[in-house]
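Notes for the one structure printed next.
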Amino acid sequence: MDRKHSRSVNLNDGNLMPVLGFGTFAPDEIPKSKANEATKIAIDVGFRHIDAAYFYQNEEEVGQALRDKMADGTVKREDLFYTTKIWSTFLRPELVRQCLERSLKKLGLDYVDLCLIHEPIAMKPGEELVPKDANGKIILDVVDICDTWEALEKCKDLGLTKSIGVSNFNHKQLELILNKPGLKYKPVCNQVECHPYLNQSKLLEFCKSKDIVLVAYSALGSHRDPNWVSSDSPYLLEEPILKTIAKKHNRSPGQVALRYQLQRGVVVLAKSFNEKRIKENFEVFDFELTPEDMKVIDGLNRNFRYDSMSL
Ligand code: NAP
């Protein structure tokens, strides 16, 4: 299955993005080798869109998986859609290309398909991923996000990335980029937390009106990494309404949560490092939620955010 023939959406720069992506973030205590094994399984079951980031610190392992799957003939480079992200300590314009080149080196690739600004929050540059002061407070940096965007536009012109976009941007931050004098490329997407408890309906409407794809992360209720997610947050996949709808379609609550996003025109990411669940998450193209199901799931929205860091 090549990218043109898999289920993809047209981006505003003419490139295609598969509508279902494989997430590769895992909490620190998970061995990095798991990302390698899981990515290979994901490609074997049919995932062609791989979501990653400099911050996840596993791009060597993920890159090795991609290269192994290309070497054994499962996929060609042009069939894969690989996303990386510029981390917050690299948002000064002179550091953007360096971050992307570090990712490319780890990956062993000469370009990525998509490069995002990971978050519109700049942190003090340096080797520390999350620089903190003596009181444990994150040390921020002052950067004009429009300057970061111009540096990313240059990375696209250099061919280091095919497309460029943003992540964790709210409506106002998107407008800062869209209204930037001399804007060369619009963001192709905004990757944000999105699931039935936080369905982002307003942001989705805004993105659609600007031909920007909304990409949903934590669509299955998040990784619940205690560094980012409070332990008393609700378990999305235990939601009785999702369970009832899943039972009716003879599917799992996870499949319903993924299908929900696809039917509302959202590109959706699913992370699993478990073979059975990776397969299950890819089986979302052969059933359909009814308009009534969609309405009931819309009704679960309560603007609840798992990721306490994002805006
Ligand atoms: P997620 O996709 O919401 O859910 C992952 C959790 O659900 C994992 O604990 C996984 O455990 C479990 N799971 C997966 N499939 C399941 C199924 N069918 N049934 C039951 N449980 C299932 O995770 P996420 O990591 O928060 O988000 C996905 C991806 O989005 C990330 O990996 C990353 O690529 C991206 N992301 C981006 C940002 C950003 O700031 N841009 C932030 C967060 C995430 P097992 O592995 O044990 O299956």
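Letters for chains follow the order of the structure tokens (A, B, ...), residue numbers begin at 1 for each chain, and ligand numbers begin at 1 in the order shown.
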Practice item. Find the residues around Val143 of chain A up to 9 Å (only C-alpha atoms counted), leave out those fewer than 3 positions away in its own chain, and share them as number ranges by chain. Key: A: 91-93, 121-122, 146-148
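Residues in contact with Asp293 of chain A at 12 Å, where only C-alpha atoms are counted and same-chain residues fewer than 2 positions away are skipped, are listed as A:Pro196, A:Ile241, A:Leu242, A:Lys243, A:Thr244, A:Ile245, A:Ala246, A:Lys248, A:His249, A:Val256, A:Ala257, A:Arg259, A:Tyr260, A:Gln263, A:Glu288, A:Leu289, A:Thr290, A:Pro291, A:Lys295, A:Val296, A:Ile297, A:Asp298, A:Gly299, A:Leu300.
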**Study point:** Residues within 6 Å of ligand 1, counting only C-alpha atoms and all ligand atoms, as a ChimeraX atom specification
**Key:** /A:23-25,51-52,118,167,191,217-223,254,269-274,277,280-281
Check your understanding: Any idea what's packed within 12 Å of Pro125 of chain A, counting only C-alpha atoms, ignoring anything in its chain fewer than 4 positions away? Could you give it as a PyMOL selection string?
Key -> chain A and resi 87-96+98-99+121+129-132+138-143
Take the residues just selected and output them with C-alpha atoms as a PDB file, in the first residue's frame.
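Done, and the output landed in selection-v9.pdb:
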```
ATOM      1  CA  TRP A  87      11.799  21.222  20.748  1.00  0.00           C
ATOM      2  CA  SER A  88      11.288  24.285  22.957  1.00  0.00           C
ATOM      3  CA  THR A  89      15.003  24.790  23.699  1.00  0.00           C
ATOM      4  CA  PHE A  90      15.607  25.310  19.956  1.00  0.00           C
ATOM      5  CA  LEU A  91      13.002  27.965  19.182  1.00  0.00           C
ATOM      6  CA  ARG A  92      15.525  30.764  18.629  1.00  0.00           C
ATOM      7  CA  PRO A  93      15.630  31.070  14.839  1.00  0.00           C
ATOM      8  CA  GLU A  94      19.353  30.303  14.620  1.00  0.00           C
ATOM      9  CA  LEU A  95      18.756  26.946  16.418  1.00  0.00           C
ATOM     10  CA  VAL A  96      15.791  25.601  14.439  1.00  0.00           C
ATOM     11  CA  GLN A  98      20.227  22.544  14.130  1.00  0.00           C
ATOM     12  CA  CYS A  99      17.415  20.712  15.923  1.00  0.00           C
ATOM     13  CA  ILE A 121       6.781  27.967  24.550  1.00  0.00           C
ATOM     14  CA  LEU A 129      15.670  19.117  27.575  1.00  0.00           C
ATOM     15  CA  VAL A 130      13.681  20.870  30.279  1.00  0.00           C
ATOM     16  CA  PRO A 131      15.975  23.454  31.913  1.00  0.00           C
ATOM     17  CA  LYS A 132      15.005  24.220  35.510  1.00  0.00           C
ATOM     18  CA  ILE A 138      11.274  25.747  34.099  1.00  0.00           C
ATOM     19  CA  ILE A 139      13.579  28.441  32.702  1.00  0.00           C
ATOM     20  CA  LEU A 140      11.805  30.080  29.793  1.00  0.00           C
ATOM     21  CA  ASP A 141      13.280  32.074  26.922  1.00  0.00           C
ATOM     22  CA  VAL A 142      11.865  35.039  25.002  1.00  0.00           C
ATOM     23  CA  VAL A 143      11.493  34.277  21.300  1.00  0.00           C
TER      24      VAL A 143
END
```
Revision key, fill the gap. Of A:His195, A:Arg224, A:Arg305, A:Lys162, the one sitting nearest Gly14 of chain A when using only C-alpha atoms is A:Lys162
Review point. How would you write, as a PyMOL selection string, the set of residues in segment 191-254 of chain A that DSSP gives as strand (DSSP E or B)?
Key: chain A and resi 191-193+195+198+213-217
**Study point:** Members of segment 49-84 of chain A assigned helix (DSSP H, G or I) by DSSP, as a ChimeraX atom specification
**Key:** /A:54-56,59-71,77-79
Let me see the file: selected residues, N, CA, C and O atoms, as a short mmCIF file (atom, residue, chain, number, x, y, z; two decimals), in the first residue's frame.
```cif
data_model
loop_
_atom_site.label_atom_id
_atom_site.label_comp_id
_atom_site.auth_asym_id
_atom_site.auth_seq_id
_atom_site.Cartn_x
_atom_site.Cartn_y
_atom_site.Cartn_z
N TYR A 54 12.12 15.24 18.40
CA TYR A 54 13.45 15.31 19.03
C TYR A 54 13.29 15.04 20.53
O TYR A 54 14.04 14.29 21.13
N PHE A 55 12.25 15.62 21.13
CA PHE A 55 12.04 15.52 22.57
C PHE A 55 11.86 14.07 23.06
O PHE A 55 12.16 13.76 24.21
N TYR A 56 11.35 13.19 22.20
CA TYR A 56 11.06 11.82 22.66
C TYR A 56 12.32 11.00 22.88
O TYR A 56 12.26 9.93 23.48
N GLU A 59 14.58 8.79 18.50
CA GLU A 59 14.57 8.85 17.03
C GLU A 59 15.61 7.91 16.41
O GLU A 59 15.44 7.50 15.27
N GLU A 60 16.66 7.57 17.17
CA GLU A 60 17.62 6.58 16.62
C GLU A 60 16.92 5.25 16.44
O GLU A 60 17.04 4.59 15.40
N GLU A 61 16.17 4.85 17.48
CA GLU A 61 15.49 3.55 17.45
C GLU A 61 14.37 3.55 16.41
O GLU A 61 14.19 2.57 15.68
N VAL A 62 13.63 4.64 16.34
CA VAL A 62 12.53 4.72 15.36
C VAL A 62 13.12 4.77 13.95
O VAL A 62 12.65 4.06 13.04
N GLY A 63 14.18 5.54 13.78
CA GLY A 63 14.83 5.64 12.46
C GLY A 63 15.36 4.29 12.00
O GLY A 63 15.24 3.93 10.82
N GLN A 64 15.93 3.54 12.95
CA GLN A 64 16.44 2.20 12.60
C GLN A 64 15.29 1.31 12.11
O GLN A 64 15.45 0.56 11.15
N ALA A 65 14.15 1.44 12.77
CA ALA A 65 12.97 0.65 12.36
C ALA A 65 12.57 1.01 10.93
O ALA A 65 12.30 0.14 10.11
N LEU A 66 12.55 2.30 10.63
CA LEU A 66 12.17 2.73 9.27
C LEU A 66 13.17 2.18 8.26
O LEU A 66 12.77 1.64 7.20
N ARG A 67 14.45 2.28 8.60
CA ARG A 67 15.47 1.83 7.64
C ARG A 67 15.41 0.31 7.47
O ARG A 67 15.57 -0.20 6.36
N ASP A 68 15.12 -0.41 8.56
CA ASP A 68 14.99 -1.88 8.45
C ASP A 68 13.81 -2.24 7.55
O ASP A 68 13.90 -3.15 6.73
N LYS A 69 12.72 -1.52 7.72
CA LYS A 69 11.51 -1.85 6.92
C LYS A 69 11.66 -1.43 5.46
O LYS A 69 11.03 -2.00 4.58
N MET A 70 12.51 -0.46 5.21
CA MET A 70 12.81 -0.11 3.81
C MET A 70 13.77 -1.16 3.24
O MET A 70 13.60 -1.62 2.11
N ALA A 71 14.74 -1.58 4.06
CA ALA A 71 15.74 -2.54 3.58
C ALA A 71 15.10 -3.90 3.26
O ALA A 71 15.50 -4.57 2.32
N ARG A 77 10.81 4.73 0.91
CA ARG A 77 10.85 6.00 1.65
C ARG A 77 9.65 6.88 1.30
O ARG A 77 9.04 7.50 2.17
N GLU A 78 9.31 6.93 0.01
CA GLU A 78 8.23 7.85 -0.41
C GLU A 78 6.85 7.39 0.07
O GLU A 78 5.88 8.14 0.00
N ASP A 79 6.75 6.15 0.56
CA ASP A 79 5.47 5.67 1.08
C ASP A 79 5.29 6.04 2.56
O ASP A 79 4.19 5.91 3.11
#
```
Exercise for review: Choose the residue, out of A:Val112, A:Ala42, A:Ile50, A:Ile278, that has the smallest atom-to-atom separation from Val19 of chain A; count only C-alpha atoms.
Suggested key: A:Ile50
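Separating atom CA of Ser252 of chain A from atom CA of Glu275 of chain A is a distance of 15.3 Å.
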Exercise for review: Determine, counting only C-alpha atoms, which protein, DNA and RNA residues have an atom within 8 Å of an atom of Leu203 of chain A; residues of the same chain fewer than 4 positions away are not included. Present the result as a VMD selection string.
Suggested key: chain A and resid 170 to 171 207
Practice item. Using atom CA of Leu160 of chain A and atom CA of Asp44 of chain A as the two end points, give the distance in Å to one decimal. Key: 26.3 Å
Exercise for review: Could you tell me which of A:Leu11, A:Leu158, A:Leu16, A:Ile117 comes closest to Val188 of chain A if we count only C-alpha atoms?
Suggested key: A:Leu11
Practice item. Tell me, as a list in words, which residues lie within 8 Å of Gln261 of chain A, counting only C-alpha atoms; anything in the same chain fewer than 6 positions away does not count. Key: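 Final neighbour list, sorted by chain and number: His195, Ala216, Val267 and Val268 of chain A.
For the pair atom CA of Asn15 of chain A and atom CA of Asn179 of chain A, the separation is 22.6 Å.
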